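Visitor: Questions regarding the structure given below will be posed in turn.
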Amino acid sequence: MKIICLVKFIPDVENMQFDHKKNVLMREQAKLTINPDDETAIAAALKIKERAPETLVEIITMGPKVVMRKFQDLLRRDVDKGILISDPLYVGSDTYATSRILGKYLKTRKADYIFTGTHSLDGDTSHVPAQIAEILGSCHMNNVITLDIDQLFQGTALLRVNNEGNTLQFQMNPPGIISFEKSREYKMPYIRYGDFQRDVSDKMEILTNQDLGLKEEEVGLAGSLTEVSRTFMKEIAQKDSITVKNDEEGIEAVYQFLKEKGYV
Amino acid sequence: METKDLLKGLEKMLTTEQINTDEEDLYDASADRYKKYAKVRRVLDVPKPKAIVYPNSTEEVSKLLMFCNDNKINVIPRSGKTATEGGLENWKEDTIVIDAKNMDQTVKIDEYNMQATVQAGVVLGDLEEELRKRGYTTGHSPQSKPVAKMGGLVATRSIGQLSTLYGGIEDMVVGLECVFPDGHISRIKNVSRRAGGPDIRHIVIGNEGSLCYITEVTVKLFKYFPENNEFHGFLVKDMDTGIKILREVMVNGYRPSVARCYSEEDAKQHFYHFYKDHSVVIFMAEGNKEIAEATGKGIEMAAEKFKEGIVEKVDSQLLEEWFENLNWSQQDIDDEYEGMLENDSHTGFTTEVSGDWETIIKIYHNVMKRIKEEYHRVEDLTLLGGHSSHSYINGTNMYFVYNYEIHCAPEDEMRVYHHPLQRIIVEETLKLGGSMCHHHGIGKFRNEWTEEEHGSAYYMLKKLKESFDPNNIMNFGTIFPQEEGKKYQK
């Protein structure tokens with residue numbers, strides 16, 4: 001079986017600052033982190049590989065070369081191959097241009113399934129997987145919570161899907177695109193101590209527009225029909241707070257609160 | 001030796017009830033609290049012992065040791081299982097654990113002569129409870145008191161929370177009985193003092209099971225006056241001020257049972273409800289009424305001398321409440337294990353060192369600086385601090401505490417986190433002439449520095465080992481570094 005995972009590296013938005021005057025995220029200060037939904041996708045692929053070591057797992061990312069270190073860390077985790085698509089021409093690509101670029105490459109690759117995340121924390125449009133599916137003529141399912149690995153080995157993907165709070169079950173035959181939600185079911189394995197500095201350059205390939213052959217007007221800002229008119233921080237409602245003392249009454253109050261919320 | 005032959009050999013000496021080959025118990029016995037996370041996650045990299053045995057008497061211990069000595073079987077002496085430095089970890093395929101569980105009798109409580117004699121398997125907490133009913137105490141109060149046993153407490157040269165008044169275990173032990181690998185039983189009699197050559201109690205106290213097996217201990221008793229306890233506490237500007245206050249109390253001859261100074265970071269985890277982002281100094285004065293009151297006055301005078309560095313006094317009621325809940329229980333240990341199963345975290349690690357007054361604060365600052373500047377996973381740290389908790393006229397200890405989010409495989413946790421941090425602490429301590437190990441024992445994971453710790457005196461330690469344990473069967477790898485064991489350390 002071959003699984004291709006699409007992964008996006010995003011600014012660590014939980015620790016990033018927002019410039020309210022310019023209406024932009026101050027990305028320069030932020031560290032990069034792997035998009036949580038994409039991390040779940042890769043973790044799911046590696047879990048399948050753990051069960052069936054002959055499974056090939058390839059990861060693809062599009063972005064500047066500054067993502068290299070994090071990307072290589074993924075390759076140190078039993079991923080077989082990594083493709084970094086990077087070209088200055090691609091800067092400013094909207095979701096459709098991005099999908100076009102990724103789709104161009106994916107058309108040249110055969111895979112049983114393409115795993116992606118459903119949302120990205122920094123964009124949250126959820127466009128790319130669906131657009132790629134359209135470009136590839138592939139079926140696609142979003143908001144996947146889990147897939148049945150045993151069924152996968154029987155030749156079909158049995159998917160549990162979050163549908164606005166309800167859980168539905170779908171079946172998908174390969175090839176197809178499966179977009180995961182962040183889930184505790186699939187945990188990214190850690191890099192082993194002996195592999196922290198392992199040279200994974202033999203597993204990596206960097207592709208530029210010269211390799212993909214897209215026209216300039218199809219990519220980057222030139223190829224992006226959408227533009228962001230306004231961004232804003234979600235307003236966080238001020239919640240009530242209760243102060244208790246460190247005495248019997250206070251402890252009882254905390255205990256009852258936790259019990260009410262289902263933590264005890 | 002083939003396992004079946006080993007077990008046959010044991011069966012000739014013990015009953016079947018005294019021999020445990022349960023796989024889960026053997027897995028549990030292969031490592032102690034040092035590798036707690038790997039143990040819970042079932043990824044221990046060390047061999048299991050072949051059996052755990054429970055001798056009923058000193059004579060049975062003697063037979064067991066002779067058998068192991070003749071057959072080159074590694075022996076891990078064990079009692080309370082509260083070891084924290086790998087002292088109970090197994091590094092050899094052919095190993096048995098000799099557990100003192102069945103040697104749990106209180107032999108004699110001698111109130112007139114102020115001594116109590118107990119077998120190695122007696123729980124300190126149980127002894128203490130019995131003594132307190134009679135108005136006495138051992139004065140020994142490590143955090144593990146509710147579960148730790150006397151044999152292990154003596155073997156590790158342990159110390160308790162009240163040591164500044166009562167001393168460490170080495171000050172409390174009057175006499176003892178132990179068994180050497182050749183089967184010889186030695187009994188050191190109970191006298192108040194002797195000058196009959198070197199004090200041979202100290203060959204046994206702190207040997208960590210690397211020389212002999214302790215079977216019985218006699219400790220001093222003290223009268224117990226809990227009604228006179230006085231708590232004194234202060235928020236201070238920094239650790240330097242706190243250490244100076246501790247020193248002032250000690251050099252003027254006062255002996256509070258508790259004398260502690262916590263850094264802000266460490267204070268946060270213990271005293272979150274009153275520390276106000278400051279270091280915290282705590283004392284408890286204990287003893288008969290006149291002594292406790294005089295000690296309390298001495299503490300106040302010391303604080304007055306350094307009042308520029310004092311932010312405010314702490315309500316003594318808060319300190320008393322904290323102190324009442326300081327000790328572990330078996331439930332706490334079990335809860336930590338459950339927590340480690342569910343989360344990528346645990347309750348942290350410590351490295352405890354000692355030094356003189358001048359040196360200890362330098363060690364503290366050097367370590368803090370080096371870790372923050374050098375440690376490659378500093379962003380994973382959730383706690384880095386320290387406290388002084390055992391003071392003497394000529395110095396004190398520093399108990400470095402650290403915790404972290406574990407972002408690595410459980411098998412790698414020690415290499416990624418604890419070992420590099422411990423290395424910095426040990427290096428800085430030895431560089432400044434301190435001791436790398438105040439009271440937990442060297443175990444197996446500081447043994448690479450044992451020779452540096454002792455310098456030219458290492459000769460004496462080595463000769464003891466060669467003399468008493470020429471076949472190297474006693475707790476292989478503890479205290480003395482072993483090439484064969486390096487693979488479990490790195």
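Going by the structure tokens order, chains are called A, B, ..., each with residues numbered from 1, while ligands are numbered from 1 in the order shown.
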Looking only at helix (DSSP H, G or I) from DSSP on the backbone, list the matching residues of segment 191-345 of chain B as a PyMOL selection string.

Guide: chain B and resi 201-204+226-228+239-251+264-270+289-305+307-309+316-324+330-342

Visitor: Leaving out Gly223 of chain A and any residue of its chain fewer than 2 positions from it, which residues lie within 9 Å of it when counting only C-alpha atoms, given as number ranges by chain?

Guide: A: 90, 92-94, 96-97, 215-221, 225

Visitor: Given a cut-off of 10 Å, which residues of chain A touch chain B, counting only C-alpha atoms, written out as a ChimeraX atom specification?

Guide: /A:189-194,245-246

Visitor: Go ahead and dump the residues you just picked, N, CA and C atoms, as a compact mmCIF listing (two decimals), in the first residue's frame.

Guide:
# COMPACT_ATOMS: atom_id res chain seq x y z
N PRO A 189 4.58 9.35 16.37
CA PRO A 189 5.68 8.75 17.13
C PRO A 189 6.83 9.74 17.26
N TYR A 190 7.59 9.58 18.30
CA TYR A 190 8.74 10.45 18.52
C TYR A 190 9.94 9.96 17.71
N ILE A 191 10.81 10.90 17.42
CA ILE A 191 12.08 10.52 16.82
C ILE A 191 12.88 9.81 17.90
N ARG A 192 13.48 8.69 17.60
CA ARG A 192 14.31 7.99 18.57
C ARG A 192 15.62 8.71 18.77
N TYR A 193 16.15 8.56 19.97
CA TYR A 193 17.37 9.27 20.38
C TYR A 193 18.49 9.10 19.37
N GLY A 194 18.69 7.88 18.90
CA GLY A 194 19.77 7.59 17.96
C GLY A 194 19.56 8.24 16.60
N LYS A 245 -10.87 29.97 48.96
CA LYS A 245 -9.70 29.91 49.85
C LYS A 245 -9.18 28.48 49.91
N ASN A 246 -7.99 28.37 50.38
CA ASN A 246 -7.40 27.04 50.56
C ASN A 246 -7.85 26.49 51.90

Visitor: Which neighbours of Tyr255 of chain A fall inside 8 Å, counting only C-alpha atoms, when residues of the same chain fewer than 4 positions from it are skipped, and could you give them as a PyMOL selection string?

Guide: chain A and resi 251+259+264

Visitor: Atoms to include: N, CA and C atoms. Write the selected residues as a CSV table (one decimal), in the first residue's frame.

Guide:
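To be explicit, this is the file written out as again11.csv:
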chain,number,residue,atom,x,y,z
A,251,ILE,N,-11.9,23.8,49.0
A,251,ILE,CA,-11.6,22.5,48.4
A,251,ILE,C,-12.9,21.8,47.9
A,259,LYS,N,-16.6,17.9,39.5
A,259,LYS,CA,-17.5,16.8,39.3
A,259,LYS,C,-18.6,17.2,38.3
A,264,VAL,N,-14.2,14.4,37.5
A,264,VAL,CA,-14.0,13.4,38.6
A,264,VAL,C,-15.3,12.6,38.6

Visitor: Which segment 177-278 of chain B residues have any atom within 7 Å of an atom of segment 118-137 of chain B, and for each, what is the nearest pair of atoms with distance in Å to one decimal, counting only C-alpha atoms, rows sorted by chain and number, as JSON lines?

Guide:
{"residue": "B:Ile214", "atom": "CA", "partner": "B:Ala120", "partner_atom": "CA", "distance": 6.4}
{"residue": "B:Thr215", "atom": "CA", "partner": "B:Ala120", "partner_atom": "CA", "distance": 4.9}
{"residue": "B:Glu216", "atom": "CA", "partner": "B:Gln119", "partner_atom": "CA", "distance": 4.2}
{"residue": "B:Val217", "atom": "CA", "partner": "B:Val118", "partner_atom": "CA", "distance": 5.5}
{"residue": "B:Thr218", "atom": "CA", "partner": "B:Val118", "partner_atom": "CA", "distance": 6.3}
{"residue": "B:Leu221", "atom": "CA", "partner": "B:Thr137", "partner_atom": "CA", "distance": 5.8}
{"residue": "B:Phe222", "atom": "CA", "partner": "B:Thr137", "partner_atom": "CA", "distance": 5.3}
{"residue": "B:Lys223", "atom": "CA", "partner": "B:Tyr136", "partner_atom": "CA", "distance": 4.4}
{"residue": "B:Tyr224", "atom": "CA", "partner": "B:Tyr136", "partner_atom": "CA", "distance": 4.7}

Visitor: Please extract the residues of segment 111-240 of chain A with a backbone DSSP assignment of strand (DSSP E or B) and present them as a PDB file with N, CA and C atoms, in the first residue's frame.

Guide:
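Final output, saved to selection.pdb:
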ATOM      1  N   TYR A 113      -4.005   6.035  -1.187  1.00  0.00           N
ATOM      2  CA  TYR A 113      -4.742   7.083  -0.497  1.00  0.00           C
ATOM      3  C   TYR A 113      -3.844   8.306  -0.322  1.00  0.00           C
ATOM      4  N   ILE A 114      -4.474   9.448  -0.318  1.00  0.00           N
ATOM      5  CA  ILE A 114      -3.798  10.681   0.079  1.00  0.00           C
ATOM      6  C   ILE A 114      -4.422  11.097   1.402  1.00  0.00           C
ATOM      7  N   PHE A 115      -3.577  11.231   2.417  1.00  0.00           N
ATOM      8  CA  PHE A 115      -4.047  11.676   3.733  1.00  0.00           C
ATOM      9  C   PHE A 115      -3.721  13.156   3.887  1.00  0.00           C
ATOM     10  N   THR A 116      -4.684  13.896   4.382  1.00  0.00           N
ATOM     11  CA  THR A 116      -4.435  15.306   4.684  1.00  0.00           C
ATOM     12  C   THR A 116      -5.114  15.645   5.997  1.00  0.00           C
ATOM     13  N   GLY A 117      -4.902  16.866   6.452  1.00  0.00           N
ATOM     14  CA  GLY A 117      -5.708  17.376   7.554  1.00  0.00           C
ATOM     15  C   GLY A 117      -6.944  18.051   6.975  1.00  0.00           C
ATOM     16  N   CYS A 139     -12.263  10.792  -5.157  1.00  0.00           N
ATOM     17  CA  CYS A 139     -13.246  11.013  -4.095  1.00  0.00           C
ATOM     18  C   CYS A 139     -12.531  11.518  -2.842  1.00  0.00           C
ATOM     19  N   HIS A 140     -13.299  12.135  -1.965  1.00  0.00           N
ATOM     20  CA  HIS A 140     -12.696  12.834  -0.828  1.00  0.00           C
ATOM     21  C   HIS A 140     -13.652  12.827   0.340  1.00  0.00           C
ATOM     22  N   MET A 141     -13.112  12.659   1.532  1.00  0.00           N
ATOM     23  CA  MET A 141     -13.919  12.762   2.742  1.00  0.00           C
ATOM     24  C   MET A 141     -13.182  13.634   3.757  1.00  0.00           C
ATOM     25  N   ASN A 142     -13.921  14.561   4.323  1.00  0.00           N
ATOM     26  CA  ASN A 142     -13.403  15.508   5.324  1.00  0.00           C
ATOM     27  C   ASN A 142     -13.756  15.053   6.730  1.00  0.00           C
ATOM     28  N   ASN A 143     -13.162  15.679   7.711  1.00  0.00           N
ATOM     29  CA  ASN A 143     -13.538  15.508   9.124  1.00  0.00           C
ATOM     30  C   ASN A 143     -13.496  14.056   9.587  1.00  0.00           C
ATOM     31  N   VAL A 144     -12.523  13.330   9.083  1.00  0.00           N
ATOM     32  CA  VAL A 144     -12.409  11.917   9.465  1.00  0.00           C
ATOM     33  C   VAL A 144     -11.804  11.824  10.866  1.00  0.00           C
ATOM     34  N   ILE A 145     -12.461  11.033  11.696  1.00  0.00           N
ATOM     35  CA  ILE A 145     -11.977  10.848  13.070  1.00  0.00           C
ATOM     36  C   ILE A 145     -11.036   9.641  13.120  1.00  0.00           C
ATOM     37  N   THR A 146     -11.508   8.543  12.575  1.00  0.00           N
ATOM     38  CA  THR A 146     -10.670   7.337  12.541  1.00  0.00           C
ATOM     39  C   THR A 146     -10.968   6.551  11.272  1.00  0.00           C
ATOM     40  N   LEU A 147     -10.015   5.705  10.921  1.00  0.00           N
ATOM     41  CA  LEU A 147     -10.314   4.731   9.877  1.00  0.00           C
ATOM     42  C   LEU A 147      -9.987   3.338  10.407  1.00  0.00           C
ATOM     43  N   ALA A 157     -11.570   1.583   2.692  1.00  0.00           N
ATOM     44  CA  ALA A 157     -11.398   2.432   3.873  1.00  0.00           C
ATOM     45  C   ALA A 157     -12.757   2.647   4.528  1.00  0.00           C
ATOM     46  N   LEU A 158     -12.855   2.205   5.780  1.00  0.00           N
ATOM     47  CA  LEU A 158     -14.090   2.419   6.538  1.00  0.00           C
ATOM     48  C   LEU A 158     -13.823   3.594   7.468  1.00  0.00           C
ATOM     49  N   LEU A 159     -14.548   4.679   7.269  1.00  0.00           N
ATOM     50  CA  LEU A 159     -14.211   5.931   7.944  1.00  0.00           C
ATOM     51  C   LEU A 159     -15.285   6.346   8.932  1.00  0.00           C
ATOM     52  N   ARG A 160     -14.859   6.759  10.106  1.00  0.00           N
ATOM     53  CA  ARG A 160     -15.777   7.397  11.048  1.00  0.00           C
ATOM     54  C   ARG A 160     -15.583   8.891  10.882  1.00  0.00           C
ATOM     55  N   VAL A 161     -16.697   9.577  10.660  1.00  0.00           N
ATOM     56  CA  VAL A 161     -16.606  10.986  10.268  1.00  0.00           C
ATOM     57  C   VAL A 161     -17.431  11.838  11.231  1.00  0.00           C
ATOM     58  N   ASN A 162     -16.863  12.969  11.597  1.00  0.00           N
ATOM     59  CA  ASN A 162     -17.577  13.914  12.453  1.00  0.00           C
ATOM     60  C   ASN A 162     -18.439  14.799  11.563  1.00  0.00           C
ATOM     61  N   ASN A 163     -19.723  14.703  11.745  1.00  0.00           N
ATOM     62  CA  ASN A 163     -20.629  15.544  10.974  1.00  0.00           C
ATOM     63  C   ASN A 163     -21.380  16.454  11.940  1.00  0.00           C
ATOM     64  N   ASN A 166     -22.339  14.776  15.122  1.00  0.00           N
ATOM     65  CA  ASN A 166     -22.765  13.379  14.937  1.00  0.00           C
ATOM     66  C   ASN A 166     -21.644  12.597  14.282  1.00  0.00           C
ATOM     67  N   THR A 167     -21.596  11.323  14.569  1.00  0.00           N
ATOM     68  CA  THR A 167     -20.563  10.488  13.948  1.00  0.00           C
ATOM     69  C   THR A 167     -21.217   9.596  12.905  1.00  0.00           C
ATOM     70  N   LEU A 168     -20.737   9.744  11.666  1.00  0.00           N
ATOM     71  CA  LEU A 168     -21.281   8.935  10.577  1.00  0.00           C
ATOM     72  C   LEU A 168     -20.199   7.988  10.088  1.00  0.00           C
ATOM     73  N   GLN A 169     -20.609   6.940   9.399  1.00  0.00           N
ATOM     74  CA  GLN A 169     -19.628   5.998   8.868  1.00  0.00           C
ATOM     75  C   GLN A 169     -19.734   5.966   7.347  1.00  0.00           C
ATOM     76  N   PHE A 170     -18.553   6.076   6.722  1.00  0.00           N
ATOM     77  CA  PHE A 170     -18.514   6.036   5.265  1.00  0.00           C
ATOM     78  C   PHE A 170     -17.509   4.990   4.820  1.00  0.00           C
ATOM     79  N   GLN A 171     -17.717   4.532   3.601  1.00  0.00           N
ATOM     80  CA  GLN A 171     -16.768   3.587   3.027  1.00  0.00           C
ATOM     81  C   GLN A 171     -16.188   4.205   1.771  1.00  0.00           C
ATOM     82  N   MET A 172     -14.884   4.067   1.598  1.00  0.00           N
ATOM     83  CA  MET A 172     -14.235   4.641   0.425  1.00  0.00           C
ATOM     84  C   MET A 172     -13.296   3.598  -0.166  1.00  0.00           C
ATOM     85  N   GLY A 176      -8.254   7.537  -3.057  1.00  0.00           N
ATOM     86  CA  GLY A 176      -9.121   8.575  -2.499  1.00  0.00           C
ATOM     87  C   GLY A 176      -8.330   9.479  -1.575  1.00  0.00           C
ATOM     88  N   ILE A 177      -8.978  10.584  -1.226  1.00  0.00           N
ATOM     89  CA  ILE A 177      -8.339  11.543  -0.314  1.00  0.00           C
ATOM     90  C   ILE A 177      -9.106  11.520   1.000  1.00  0.00           C
ATOM     91  N   ILE A 178      -8.353  11.321   2.080  1.00  0.00           N
ATOM     92  CA  ILE A 178      -8.972  11.244   3.404  1.00  0.00           C
ATOM     93  C   ILE A 178      -8.407  12.393   4.236  1.00  0.00           C
ATOM     94  N   SER A 179      -9.284  13.252   4.706  1.00  0.00           N
ATOM     95  CA  SER A 179      -8.848  14.426   5.484  1.00  0.00           C
ATOM     96  C   SER A 179      -9.234  14.232   6.947  1.00  0.00           C
ATOM     97  N   PHE A 180      -8.234  14.226   7.806  1.00  0.00           N
ATOM     98  CA  PHE A 180      -8.431  13.929   9.222  1.00  0.00           C
ATOM     99  C   PHE A 180      -8.652  15.195  10.042  1.00  0.00           C
ATOM    100  N   MET A 204      14.982  12.759   0.736  1.00  0.00           N
ATOM    101  CA  MET A 204      14.339  14.047   0.421  1.00  0.00           C
ATOM    102  C   MET A 204      14.564  14.473  -1.008  1.00  0.00           C
ATOM    103  N   GLU A 205      13.572  15.148  -1.522  1.00  0.00           N
ATOM    104  CA  GLU A 205      13.732  15.759  -2.845  1.00  0.00           C
ATOM    105  C   GLU A 205      13.111  17.147  -2.777  1.00  0.00           C
ATOM    106  N   ILE A 206      13.790  18.114  -3.368  1.00  0.00           N
ATOM    107  CA  ILE A 206      13.223  19.473  -3.429  1.00  0.00           C
ATOM    108  C   ILE A 206      12.832  19.738  -4.869  1.00  0.00           C
ATOM    109  N   LEU A 207      11.597  20.126  -5.049  1.00  0.00           N
ATOM    110  CA  LEU A 207      11.109  20.410  -6.407  1.00  0.00           C
ATOM    111  C   LEU A 207      10.806  21.897  -6.546  1.00  0.00           C
TER     112      LEU A 207
END

Visitor: At a cut-off of 8 Å, using only C-alpha atoms, what residues contact Tyr54 of chain B? Leave out same-chain residues fewer than 6 positions from it and give the result as a compact mmCIF listing (two decimals) with C-alpha atoms, in the first residue's frame.

Guide:
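Final output, saved to out00.txt:
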# COMPACT_ATOMS: atom_id res chain seq x y z
CA GLN B 18 9.58 -17.74 49.71
CA ILE B 19 10.50 -17.85 46.02
CA ILE B 98 16.68 -10.70 48.23
CA ASP B 99 13.71 -8.92 49.74
CA ALA B 100 13.44 -8.30 53.48
CA LYS B 101 9.65 -8.52 53.49
CA ASN B 102 9.52 -11.44 55.95

Visitor: Which residue out of B:Leu384, B:Val40, B:Ile52, B:Val280 has the minimum interatomic distance to Asp25 of chain B when only C-alpha atoms are used?

Guide: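 Smallest distance to Asp25 of chain B is found for B:Ile52.
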
Visitor: Quick one: distance from atom CA of Lys244 of chain B to atom CA of Phe306 of chain B in Å, one decimal?

Guide: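 Atom CA of Lys244 of chain B sits 7.9 Å away from atom CA of Phe306 of chain B.
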
Visitor: Please provide the set of residues having any atom within 12 Å of His439 of chain B, restricted to only C-alpha atoms, with same-chain residues fewer than 4 positions apart removed, written as a tab-separated table (two decimals) with C-alpha atoms, in the first residue's frame.

Guide:
chain	number	residue	atom	x	y	z
B	83	ALA	CA	15.19	3.77	45.81
B	84	THR	CA	15.45	6.64	43.34
B	85	GLU	CA	18.91	6.34	41.78
B	142	PRO	CA	12.23	11.05	54.88
B	153	LEU	CA	17.21	3.45	54.79
B	154	VAL	CA	20.49	2.44	56.37
B	155	ALA	CA	21.96	1.03	53.17
B	156	THR	CA	21.40	4.31	51.32
B	157	ARG	CA	22.61	6.55	54.14
B	158	SER	CA	19.26	8.27	54.04
B	159	ILE	CA	18.24	11.52	55.64
B	160	GLY	CA	14.90	12.92	56.78
B	161	GLN	CA	13.10	16.22	56.93
B	163	SER	CA	17.73	16.07	60.10
B	167	GLY	CA	20.87	14.11	62.17
B	168	GLY	CA	20.99	11.71	59.27
B	169	ILE	CA	20.65	7.94	59.61
B	170	GLU	CA	24.37	7.70	60.29
B	205	ILE	CA	25.81	2.54	56.42
B	206	GLY	CA	25.61	3.80	52.86
B	208	GLU	CA	23.84	0.53	49.00
B	350	THR	CA	15.86	15.63	41.58
B	351	THR	CA	19.59	15.73	41.98
B	352	GLU	CA	20.76	16.48	45.50
B	353	VAL	CA	24.21	17.79	46.27
B	354	SER	CA	26.00	19.38	49.20
B	389	SER	CA	16.68	21.25	53.30
B	390	HIS	CA	19.47	19.83	55.46
B	396	THR	CA	24.08	22.63	53.62
B	397	ASN	CA	22.62	20.68	50.77
B	398	MET	CA	20.95	21.80	47.56
B	399	TYR	CA	18.13	19.73	46.19
B	435	SER	CA	29.52	16.34	47.01
B	443	GLY	CA	22.98	4.15	42.75

Visitor: Compare B:Met284, B:Met460, B:Val426, B:Ile109 by their minimum atom-to-atom distance to Asn447 of chain B, counting only C-alpha atoms, and give me the closest one.

Guide: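 Looking only at the distances to Asn447 of chain B, the closest residue turns out to be B:Val426.
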
Visitor: Just give me the gap between atom CA of Phe231 of chain B and atom CA of His438 of chain B in Å, one decimal is fine.

Guide: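 Calculated distance between atom CA of Phe231 of chain B and atom CA of His438 of chain B is 25.0 Å.
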
Visitor: Excluding segment 73-84 of chain A and its own-chain neighbours fewer than 6 positions away, which residues fall within 10 Å of it when counting only C-alpha atoms? Please give them as a ChimeraX atom specification.

Guide: /A:4-7,34,39,42-43,45-46,49-50,53,55-65,67,105,188-192,195-208

Visitor: Can you pull out the residues contacting Val97 of chain B? Cut-off 6 Å, using only C-alpha atoms, and skip same-chain residues under 3 positions away; I want them as a PyMOL selection string.

Guide: chain B and resi 52+75-77

Visitor: Grab the residues selected above and save them as a PDB file, in the first residue's frame with N, CA and C atoms.

Guide:
ATOM      1  N   ILE B  52      12.704 -13.444  42.951  1.00  0.00           N
ATOM      2  CA  ILE B  52      12.731 -12.621  44.168  1.00  0.00           C
ATOM      3  C   ILE B  52      12.549 -13.598  45.319  1.00  0.00           C
ATOM      4  N   VAL B  75      23.300 -10.263  43.296  1.00  0.00           N
ATOM      5  CA  VAL B  75      22.298 -10.122  44.351  1.00  0.00           C
ATOM      6  C   VAL B  75      21.883  -8.661  44.455  1.00  0.00           C
ATOM      7  N   ILE B  76      20.586  -8.443  44.437  1.00  0.00           N
ATOM      8  CA  ILE B  76      20.085  -7.090  44.695  1.00  0.00           C
ATOM      9  C   ILE B  76      19.364  -7.125  46.044  1.00  0.00           C
ATOM     10  N   PRO B  77      19.963  -6.521  47.083  1.00  0.00           N
ATOM     11  CA  PRO B  77      19.273  -6.436  48.368  1.00  0.00           C
ATOM     12  C   PRO B  77      18.160  -5.414  48.284  1.00  0.00           C
TER      13      PRO B  77
END

Visitor: For atom CA of Lys189 of chain B and atom CA of Leu176 of chain B, determine how far apart the two atoms are, in Å to one decimal place.

Guide: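 Taking atom CA of Lys189 of chain B and atom CA of Leu176 of chain B, their separation equals 6.9 Å.
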